[in-house]
Amino acid sequence: MKLTLRVWRQKNADADGAMSTYEVDKISSDMSFLEMLDTLNEELILRGEDPVAFDHDCREGICGACSLVINGDAHGPERTTTCQLHMRSFKDGDTIDVEPWRAAAFPVVKDLVVDRSAFDRIIQAGGYITAPTGAAPEAHATPVPKPDADLAFEHAECIGCGACVAACPNGAAMLFTSAKVNHLNVLPQGAPERETRVLDMVEQMDAEGFGGCTLTGECATACPKGIPLVSITSMNREWLRATRKVAKK
Amino acid sequence: MARTVWDSTVGKKTVMAVSGLVMLLYLVAHMIGNLKIYFGAEEFNHYAHWLRTVGEPFMHYEWTLWLIRVVLVIAVVAHAVSAYQLSRRDIKARPSKYVHSRPRSSYATRTMRWGGIILGLFIVWHLLDLTTGTVHSGGFETGKPYQNVVDTFSTWYGNVIYIVAMLALGLHIRHGFWSAAQTLGAGSRTRDRALKTTANVLALLLTIGFVAVPVGVMTGVVS
């Protein structure tokens, strides 16, 4: 395959960026999108140019490191992570636009790399449970009803890649935050911090400069892990419940 | 608690949802009232007069009406201020656009902000036209709402402004009602279809119900 790539190039956080055009040839349809970018970077290095910076880690679709908005879609045309997107999703001769996640809370570090530490701070605000560390606890000590376990697991699938923020016209982090809140709030292990978790995480989310939810549903459409839009509804319910409970105290 | 709600994006959306539902409830009553115009001047004018005497003798003349007006003004202001502040925040949260972009969400969703502004301006015109009579086209007469309505919809611009606003209202309710349910945590997987259908039915009924009045005047059924 021969492709034309238009890639966002930006030297550093303070520099102005622009789209640069590159031609790549001999791309196999079995390559992943990241392998295609590796091919481009090898050529750029041989030519003595600066390679395109992009985030990646496990390349198995489970770590949440890879990003990229490809032709206007977070993680590209398939509902998966960029590392699991293969070149067979494109045609020979295609022009592909590659851009970084766009959100005020995700500043560009270089080229296609953005700083997603705002997510870490949301997790720090309440995305944990208080439990003694050490040997694994007895598995039957805290029974979890199967439907609750399934629901928690569905939300736990969130890999924190930030595609929801990138796809949201408001740069909102509601789907990410709701996945993390619901994951722990439906479990008995998460019960002691049920109220503070949702209040603190939402507060941190707002403090990071993410936008608000207008329920466009773009986040859930872009999510490579299929976190449903109704997750946001559940978080809203938890937030209202927690606000009422805290006010009573 | 009030501080927590107002300072949070989730809380401000709650304010929008509640104020929106209050206005929606009023609109249903308003639409049903409007349709009495099809039963002639006497019934319509009598209904309009009754609005001023509701609750008597407990309430004094027009007290109930003013109570409703106060609640509505609070709802409109709360809705608009939250919308303005949230929109400012949303725009700031996404400062740079994608080079490769296309319209994504549904038409009703994308037009919530402009639709809301149109509706706000419409309310101002509507009150100046048929409540105070300041910008009324004919000789506005207090206590003769039937004739006032006919006068308004006998002008081309009266019809255009009203019908455009009612279409905007339909779109606004279509996304707004369902969204309010999500914001208040009332949505769920099993209830989603029912909520979307209710939103569509409400949007359609209100638009048709309100537009029926200018259509009645235009076709001469109401004159």
# chains A, B, ... in the order shown; residues from 1 in each chain; ligands from 1
call {"tool": "residues_around", "arguments": {"residues": "Ser89 of chain A", "least_positions_apart": "4", "cutoff": "9 Å", "atoms": "only C-alpha atoms", "output": "MDAnalysis selection string"}}
result
chainID A and resid 29 77:78 85
call {"tool": "residues_around", "arguments": {"residues": "Trp239 of chain A", "least_positions_apart": "3", "cutoff": "7 Å", "atoms": "only C-alpha atoms", "output": "PyMOL selection string"}}
result
chain A and resi 198-199+235-236+242-243
call {"tool": "write_last_selection", "arguments": {"atoms": "N, CA and C atoms", "output": "PDB file, in the first residue's frame"}}
result
ATOM      1  N   VAL A 198     -17.130   9.800  44.641  1.00  0.00           N
ATOM      2  CA  VAL A 198     -17.764  10.480  43.501  1.00  0.00           C
ATOM      3  C   VAL A 198     -17.638  11.996  43.634  1.00  0.00           C
ATOM      4  N   LEU A 199     -17.788  12.511  44.849  1.00  0.00           N
ATOM      5  CA  LEU A 199     -17.700  13.966  45.023  1.00  0.00           C
ATOM      6  C   LEU A 199     -16.285  14.468  44.714  1.00  0.00           C
ATOM      7  N   MET A 235     -23.248   7.742  37.250  1.00  0.00           N
ATOM      8  CA  MET A 235     -22.403   8.609  38.068  1.00  0.00           C
ATOM      9  C   MET A 235     -23.197   9.827  38.540  1.00  0.00           C
ATOM     10  N   ASN A 236     -24.026  10.392  37.658  1.00  0.00           N
ATOM     11  CA  ASN A 236     -24.857  11.531  38.064  1.00  0.00           C
ATOM     12  C   ASN A 236     -25.732  11.148  39.250  1.00  0.00           C
ATOM     13  N   ALA A 242     -24.799  11.310  46.831  1.00  0.00           N
ATOM     14  CA  ALA A 242     -23.721  11.684  47.756  1.00  0.00           C
ATOM     15  C   ALA A 242     -23.907  13.115  48.253  1.00  0.00           C
ATOM     16  N   THR A 243     -24.333  14.011  47.358  1.00  0.00           N
ATOM     17  CA  THR A 243     -24.543  15.413  47.754  1.00  0.00           C
ATOM     18  C   THR A 243     -25.628  15.498  48.824  1.00  0.00           C
TER      19      THR A 243
END
call {"tool": "residues_around", "arguments": {"residues": "Val181 of chain A", "least_positions_apart": "4", "cutoff": "12 Å", "atoms": "only C-alpha atoms", "output": "JSON, numbers by chain"}}
result
{"A": [122, 123, 124, 125, 126, 127, 128, 129, 151, 152, 155, 156, 158, 174, 175, 176, 177, 185, 186, 187, 190, 191, 193, 194, 195, 196, 197, 198, 199, 200, 201, 202, 205, 231, 232, 233, 234, 235, 236, 237, 238, 239]}
call {"tool": "write_last_selection", "arguments": {"atoms": "C-alpha atoms", "output": "PDB file, in the first residue's frame"}}
result
ATOM      1  CA  ILE A 122      -8.681  12.222  39.048  1.00  0.00           C
ATOM      2  CA  ILE A 123      -7.800   8.655  40.111  1.00  0.00           C
ATOM      3  CA  GLN A 124      -5.759   9.988  43.045  1.00  0.00           C
ATOM      4  CA  ALA A 125      -8.797  11.960  44.183  1.00  0.00           C
ATOM      5  CA  GLY A 126     -10.860   8.819  44.846  1.00  0.00           C
ATOM      6  CA  GLY A 127     -10.221   5.977  42.415  1.00  0.00           C
ATOM      7  CA  TYR A 128      -9.077   3.587  45.118  1.00  0.00           C
ATOM      8  CA  ILE A 129     -10.388   1.556  48.048  1.00  0.00           C
ATOM      9  CA  LEU A 151     -21.232  -4.306  36.225  1.00  0.00           C
ATOM     10  CA  ALA A 152     -18.035  -3.487  38.087  1.00  0.00           C
ATOM     11  CA  HIS A 155     -16.544  -0.342  34.068  1.00  0.00           C
ATOM     12  CA  ALA A 156     -13.160  -1.709  35.109  1.00  0.00           C
ATOM     13  CA  CYS A 158     -11.674   1.378  31.033  1.00  0.00           C
ATOM     14  CA  MET A 174     -17.296  12.323  32.223  1.00  0.00           C
ATOM     15  CA  LEU A 175     -17.117   8.847  30.678  1.00  0.00           C
ATOM     16  CA  PHE A 176     -13.660   8.153  32.120  1.00  0.00           C
ATOM     17  CA  THR A 177     -14.596   9.475  35.564  1.00  0.00           C
ATOM     18  CA  ASN A 185     -19.082   2.175  43.829  1.00  0.00           C
ATOM     19  CA  VAL A 186     -21.029  -0.948  42.842  1.00  0.00           C
ATOM     20  CA  LEU A 187     -18.730  -3.201  44.899  1.00  0.00           C
ATOM     21  CA  GLY A 190     -15.862   0.399  47.511  1.00  0.00           C
ATOM     22  CA  ALA A 191     -18.745   1.150  49.858  1.00  0.00           C
ATOM     23  CA  GLU A 193     -15.765   5.706  50.282  1.00  0.00           C
ATOM     24  CA  ARG A 194     -18.864   5.634  48.106  1.00  0.00           C
ATOM     25  CA  GLU A 195     -19.835   9.277  48.701  1.00  0.00           C
ATOM     26  CA  THR A 196     -16.431  10.925  48.980  1.00  0.00           C
ATOM     27  CA  ARG A 197     -15.212   9.041  45.902  1.00  0.00           C
ATOM     28  CA  VAL A 198     -17.764  10.480  43.501  1.00  0.00           C
ATOM     29  CA  LEU A 199     -17.700  13.966  45.023  1.00  0.00           C
ATOM     30  CA  ASP A 200     -13.902  14.223  45.066  1.00  0.00           C
ATOM     31  CA  MET A 201     -13.362  12.704  41.622  1.00  0.00           C
ATOM     32  CA  VAL A 202     -15.945  14.993  40.006  1.00  0.00           C
ATOM     33  CA  MET A 205     -12.331  16.473  37.045  1.00  0.00           C
ATOM     34  CA  SER A 231     -22.323   4.989  32.877  1.00  0.00           C
ATOM     35  CA  ILE A 232     -22.501   8.805  33.034  1.00  0.00           C
ATOM     36  CA  THR A 233     -26.136   8.578  34.135  1.00  0.00           C
ATOM     37  CA  SER A 234     -25.133   6.228  36.945  1.00  0.00           C
ATOM     38  CA  MET A 235     -22.403   8.609  38.068  1.00  0.00           C
ATOM     39  CA  ASN A 236     -24.857  11.531  38.064  1.00  0.00           C
ATOM     40  CA  ARG A 237     -27.152   9.438  40.258  1.00  0.00           C
ATOM     41  CA  GLU A 238     -24.266   8.627  42.607  1.00  0.00           C
ATOM     42  CA  TRP A 239     -23.226  12.287  42.712  1.00  0.00           C
TER      43      TRP A 239
END
call {"tool": "atom_distance", "arguments": {"atom1": "atom CA of Asp57 of chain A", "atom2": "atom CA of Pro224 of chain A"}}
result
15.9 Å
call {"tool": "residues_around", "arguments": {"residues": "Arg189 of chain B", "least_positions_apart": "2", "cutoff": "10 Å", "atoms": "only C-alpha atoms", "output": "list in words"}}
result
Pro228, Leu229, Val230, Ser231 and Thr233 of chain A; Gly187, Arg191, Asp192 and Arg193 of chain B
call {"tool": "write_last_selection", "arguments": {"atoms": "N, CA and C atoms", "output": "short mmCIF file (atom, residue, chain, number, x, y, z; two decimals), in the first residue's frame"}}
result
data_model
loop_
_atom_site.label_atom_id
_atom_site.label_comp_id
_atom_site.auth_asym_id
_atom_site.auth_seq_id
_atom_site.Cartn_x
_atom_site.Cartn_y
_atom_site.Cartn_z
N PRO A 228 -20.42 2.16 28.34
CA PRO A 228 -21.67 2.72 27.80
C PRO A 228 -21.95 4.13 28.30
N LEU A 229 -22.74 4.88 27.52
CA LEU A 229 -23.09 6.25 27.90
C LEU A 229 -23.86 6.28 29.22
N VAL A 230 -24.62 5.22 29.49
CA VAL A 230 -25.44 5.17 30.70
C VAL A 230 -24.56 5.17 31.96
N SER A 231 -23.27 4.91 31.77
CA SER A 231 -22.32 4.99 32.88
C SER A 231 -22.33 6.41 33.47
N THR A 233 -24.87 8.45 33.40
CA THR A 233 -26.14 8.58 34.14
C THR A 233 -25.98 8.01 35.54
N GLY B 187 -32.07 7.75 34.01
CA GLY B 187 -31.93 6.88 32.85
C GLY B 187 -31.33 5.55 33.22
N ARG B 191 -34.57 1.55 30.45
CA ARG B 191 -35.51 2.65 30.32
C ARG B 191 -35.17 3.58 29.15
N ASP B 192 -34.05 3.34 28.51
CA ASP B 192 -33.56 4.30 27.52
C ASP B 192 -34.52 4.51 26.36
N ARG B 193 -35.05 3.40 25.84
CA ARG B 193 -35.95 3.52 24.69
C ARG B 193 -37.21 4.29 25.08
#
call {"tool": "closest_atom_pairs", "arguments": {"of": "chain B", "to": "chain A", "cutoff": "6 Å", "atoms": "only C-alpha atoms", "output": "Markdown table"}}
result
| residue | atom | partner | partner_atom | distance |
| --- | --- | --- | --- | --- |
| B:Met1 | CA | A:Ala247 | CA | 5.7 |
| B:Thr9 | CA | A:Gly212 | CA | 5.6 |
| B:Arg89 | CA | A:Gly211 | CA | 5.7 |
| B:Asp90 | CA | A:Gly211 | CA | 4.3 |
| B:Ala93 | CA | A:Ala104 | CA | 4.8 |
| B:Arg94 | CA | A:Ala103 | CA | 4.7 |
| B:His100 | CA | A:Gly72 | CA | 4.9 |
| B:Ser101 | CA | A:Gly72 | CA | 5.2 |
| B:Ser105 | CA | A:Thr216 | CA | 5.6 |
| B:Gln182 | CA | A:Thr233 | CA | 4.8 |
| B:Thr183 | CA | A:Asn236 | CA | 5.8 |
| B:Gly185 | CA | A:Arg237 | CA | 4.1 |
call {"tool": "select_by_dssp", "arguments": {"residues": "segment 36-88 of chain B", "states": "alpha helix (DSSP H)", "output": "JSON list (two decimals) with N, CA and C atoms, in the first residue's frame"}}
result
[["chain", "number", "residue", "atom", "x", "y", "z"],
["B", 41, "ALA", "N", -64.21, 32.63, 20.69],
["B", 41, "ALA", "CA", -63.70, 33.76, 21.47],
["B", 41, "ALA", "C", -64.18, 33.70, 22.91],
["B", 42, "GLU", "N", -65.45, 33.32, 23.10],
["B", 42, "GLU", "CA", -66.01, 33.35, 24.45],
["B", 42, "GLU", "C", -65.28, 32.38, 25.38],
["B", 43, "GLU", "N", -65.13, 31.13, 24.92],
["B", 43, "GLU", "CA", -64.47, 30.12, 25.74],
["B", 43, "GLU", "C", -63.01, 30.48, 26.00],
["B", 44, "PHE", "N", -62.32, 30.96, 24.97],
["B", 44, "PHE", "CA", -60.90, 31.30, 25.10],
["B", 44, "PHE", "C", -60.71, 32.47, 26.08],
["B", 45, "ASN", "N", -61.51, 33.50, 25.90],
["B", 45, "ASN", "CA", -61.39, 34.68, 26.78],
["B", 45, "ASN", "C", -61.79, 34.34, 28.21],
["B", 46, "HIS", "N", -62.77, 33.44, 28.33],
["B", 46, "HIS", "CA", -63.20, 33.03, 29.66],
["B", 46, "HIS", "C", -62.07, 32.27, 30.36],
["B", 47, "TYR", "N", -61.40, 31.41, 29.58],
["B", 47, "TYR", "CA", -60.26, 30.65, 30.12],
["B", 47, "TYR", "C", -59.16, 31.61, 30.59],
["B", 48, "ALA", "N", -58.89, 32.62, 29.76],
["B", 48, "ALA", "CA", -57.84, 33.59, 30.10],
["B", 48, "ALA", "C", -58.20, 34.35, 31.38],
["B", 49, "HIS", "N", -59.48, 34.63, 31.54],
["B", 49, "HIS", "CA", -59.90, 35.34, 32.74],
["B", 49, "HIS", "C", -59.79, 34.42, 33.96],
["B", 50, "TRP", "N", -60.16, 33.15, 33.74],
["B", 50, "TRP", "CA", -60.09, 32.16, 34.84],
["B", 50, "TRP", "C", -58.66, 32.06, 35.39],
["B", 51, "LEU", "N", -57.66, 32.19, 34.50],
["B", 51, "LEU", "CA", -56.26, 32.11, 34.93],
["B", 51, "LEU", "C", -55.96, 33.13, 36.02],
["B", 52, "ARG", "N", -56.72, 34.23, 36.00],
["B", 52, "ARG", "CA", -56.50, 35.28, 36.98],
["B", 52, "ARG", "C", -57.25, 35.04, 38.29],
["B", 53, "THR", "N", -58.24, 34.20, 38.21],
["B", 53, "THR", "CA", -59.06, 33.97, 39.42],
["B", 53, "THR", "C", -58.80, 32.60, 40.04],
["B", 63, "TRP", "N", -53.11, 36.39, 42.02],
["B", 63, "TRP", "CA", -52.00, 35.92, 42.85],
["B", 63, "TRP", "C", -51.38, 34.63, 42.29],
["B", 64, "THR", "N", -52.24, 33.68, 41.93],
["B", 64, "THR", "CA", -51.74, 32.40, 41.40],
["B", 64, "THR", "C", -50.94, 32.64, 40.13],
["B", 65, "LEU", "N", -51.49, 33.49, 39.28],
["B", 65, "LEU", "CA", -50.83, 33.80, 38.02],
["B", 65, "LEU", "C", -49.44, 34.37, 38.26],
["B", 66, "TRP", "N", -49.37, 35.31, 39.22],
["B", 66, "TRP", "CA", -48.06, 35.91, 39.51],
["B", 66, "TRP", "C", -47.10, 34.92, 40.14],
["B", 67, "LEU", "N", -47.63, 34.01, 40.93],
["B", 67, "LEU", "CA", -46.81, 32.96, 41.54],
["B", 67, "LEU", "C", -46.18, 32.11, 40.43],
["B", 68, "ILE", "N", -47.00, 31.74, 39.46],
["B", 68, "ILE", "CA", -46.50, 30.95, 38.33],
["B", 68, "ILE", "C", -45.44, 31.75, 37.57],
["B", 69, "ARG", "N", -45.72, 33.04, 37.37],
["B", 69, "ARG", "CA", -44.76, 33.88, 36.64],
["B", 69, "ARG", "C", -43.42, 33.96, 37.36],
["B", 70, "VAL", "N", -43.46, 34.09, 38.68],
["B", 70, "VAL", "CA", -42.21, 34.18, 39.45],
["B", 70, "VAL", "C", -41.42, 32.88, 39.32],
["B", 71, "VAL", "N", -42.12, 31.75, 39.47],
["B", 71, "VAL", "CA", -41.46, 30.45, 39.34],
["B", 71, "VAL", "C", -40.83, 30.32, 37.95],
["B", 72, "LEU", "N", -41.58, 30.75, 36.93],
["B", 72, "LEU", "CA", -41.07, 30.64, 35.56],
["B", 72, "LEU", "C", -39.85, 31.53, 35.33],
["B", 73, "VAL", "N", -39.89, 32.74, 35.87],
["B", 73, "VAL", "CA", -38.74, 33.64, 35.70],
["B", 73, "VAL", "C", -37.51, 33.03, 36.36],
["B", 74, "ILE", "N", -37.70, 32.47, 37.55],
["B", 74, "ILE", "CA", -36.57, 31.82, 38.24],
["B", 74, "ILE", "C", -36.04, 30.67, 37.37],
["B", 75, "ALA", "N", -36.95, 29.87, 36.83],
["B", 75, "ALA", "CA", -36.54, 28.73, 36.01],
["B", 75, "ALA", "C", -35.78, 29.19, 34.76],
["B", 76, "VAL", "N", -36.31, 30.21, 34.08],
["B", 76, "VAL", "CA", -35.66, 30.70, 32.86],
["B", 76, "VAL", "C", -34.26, 31.24, 33.18],
["B", 77, "VAL", "N", -34.17, 32.05, 34.24],
["B", 77, "VAL", "CA", -32.88, 32.64, 34.60],
["B", 77, "VAL", "C", -31.88, 31.55, 35.00],
["B", 78, "ALA", "N", -32.32, 30.61, 35.84],
["B", 78, "ALA", "CA", -31.43, 29.53, 36.28],
["B", 78, "ALA", "C", -30.95, 28.71, 35.09],
["B", 79, "HIS", "N", -31.88, 28.42, 34.18],
["B", 79, "HIS", "CA", -31.56, 27.62, 33.00],
["B", 79, "HIS", "C", -30.55, 28.34, 32.11],
["B", 80, "ALA", "N", -30.81, 29.62, 31.88],
["B", 80, "ALA", "CA", -29.96, 30.39, 30.96],
["B", 80, "ALA", "C", -28.58, 30.65, 31.57],
["B", 81, "VAL", "N", -28.54, 31.00, 32.84],
["B", 81, "VAL", "CA", -27.25, 31.29, 33.47],
["B", 81, "VAL", "C", -26.39, 30.03, 33.52],
["B", 82, "SER", "N", -26.98, 28.89, 33.91],
["B", 82, "SER", "CA", -26.21, 27.64, 33.92],
["B", 82, "SER", "C", -25.73, 27.30, 32.53],
["B", 83, "ALA", "N", -26.61, 27.45, 31.54],
["B", 83, "ALA", "CA", -26.25, 27.12, 30.17],
["B", 83, "ALA", "C", -25.09, 27.99, 29.70],
["B", 84, "TYR", "N", -25.17, 29.28, 30.03],
["B", 84, "TYR", "CA", -24.11, 30.20, 29.62],
["B", 84, "TYR", "C", -22.79, 29.82, 30.26],
["B", 85, "GLN", "N", -22.81, 29.58, 31.57],
["B", 85, "GLN", "CA", -21.57, 29.25, 32.27],
["B", 85, "GLN", "C", -21.00, 27.92, 31.81],
["B", 86, "LEU", "N", -21.85, 26.94, 31.62],
["B", 86, "LEU", "CA", -21.37, 25.63, 31.18],
["B", 86, "LEU", "C", -20.82, 25.71, 29.75],
["B", 87, "SER", "N", -21.49, 26.47, 28.89],
["B", 87, "SER", "CA", -21.02, 26.60, 27.51],
["B", 87, "SER", "C", -19.66, 27.27, 27.45],
["B", 88, "ARG", "N", -19.51, 28.32, 28.26],
["B", 88, "ARG", "CA", -18.21, 29.02, 28.32],
["B", 88, "ARG", "C", -17.12, 28.02, 28.69]]
call {"tool": "closest_residue", "arguments": {"among": "A:His183, A:His140, A:Asp50, A:Thr130", "to": "Glu154 of chain A", "atoms": "only C-alpha atoms"}}
result
A:His183
call {"tool": "residues_around", "arguments": {"residues": "segment 158-170 of chain B", "least_positions_apart": "6", "cutoff": "9 Å", "atoms": "only C-alpha atoms", "output": "list in words"}}
result
Ala108, Thr111, Met112, Trp114, Gly115, Gly116, Ile118, Leu119, Phe122, Trp125, His126, Ser137, Asp151, Thr152, Asn200, Leu202, Ala203, Leu204, Leu205, Leu206, Thr207, Ile208, Phe210, Val211, Pro214, Val215 and Met218 of chain B
call {"tool": "closest_residue", "arguments": {"among": "A:Gly76, A:Gly226, A:Gly162, A:Pro147", "to": "Ser117 of chain A", "atoms": "only C-alpha atoms"}}
result
A:Gly162
call {"tool": "closest_residue", "arguments": {"among": "B:Ile173, B:Thr131, B:Gly220, B:Glu62", "to": "Leu25 of chain B", "atoms": "only C-alpha atoms"}}
result
B:Ile173
call {"tool": "closest_residue", "arguments": {"among": "A:Ala131, A:Leu44, A:Met1, A:Ala220", "to": "Asp92 of chain A", "atoms": "only C-alpha atoms"}}
result
A:Met1
call {"tool": "closest_residue", "arguments": {"among": "A:Thr21, A:Ser32, A:Ser178, A:Thr142", "to": "Cys83 of chain A", "atoms": "only C-alpha atoms"}}
result
A:Ser32
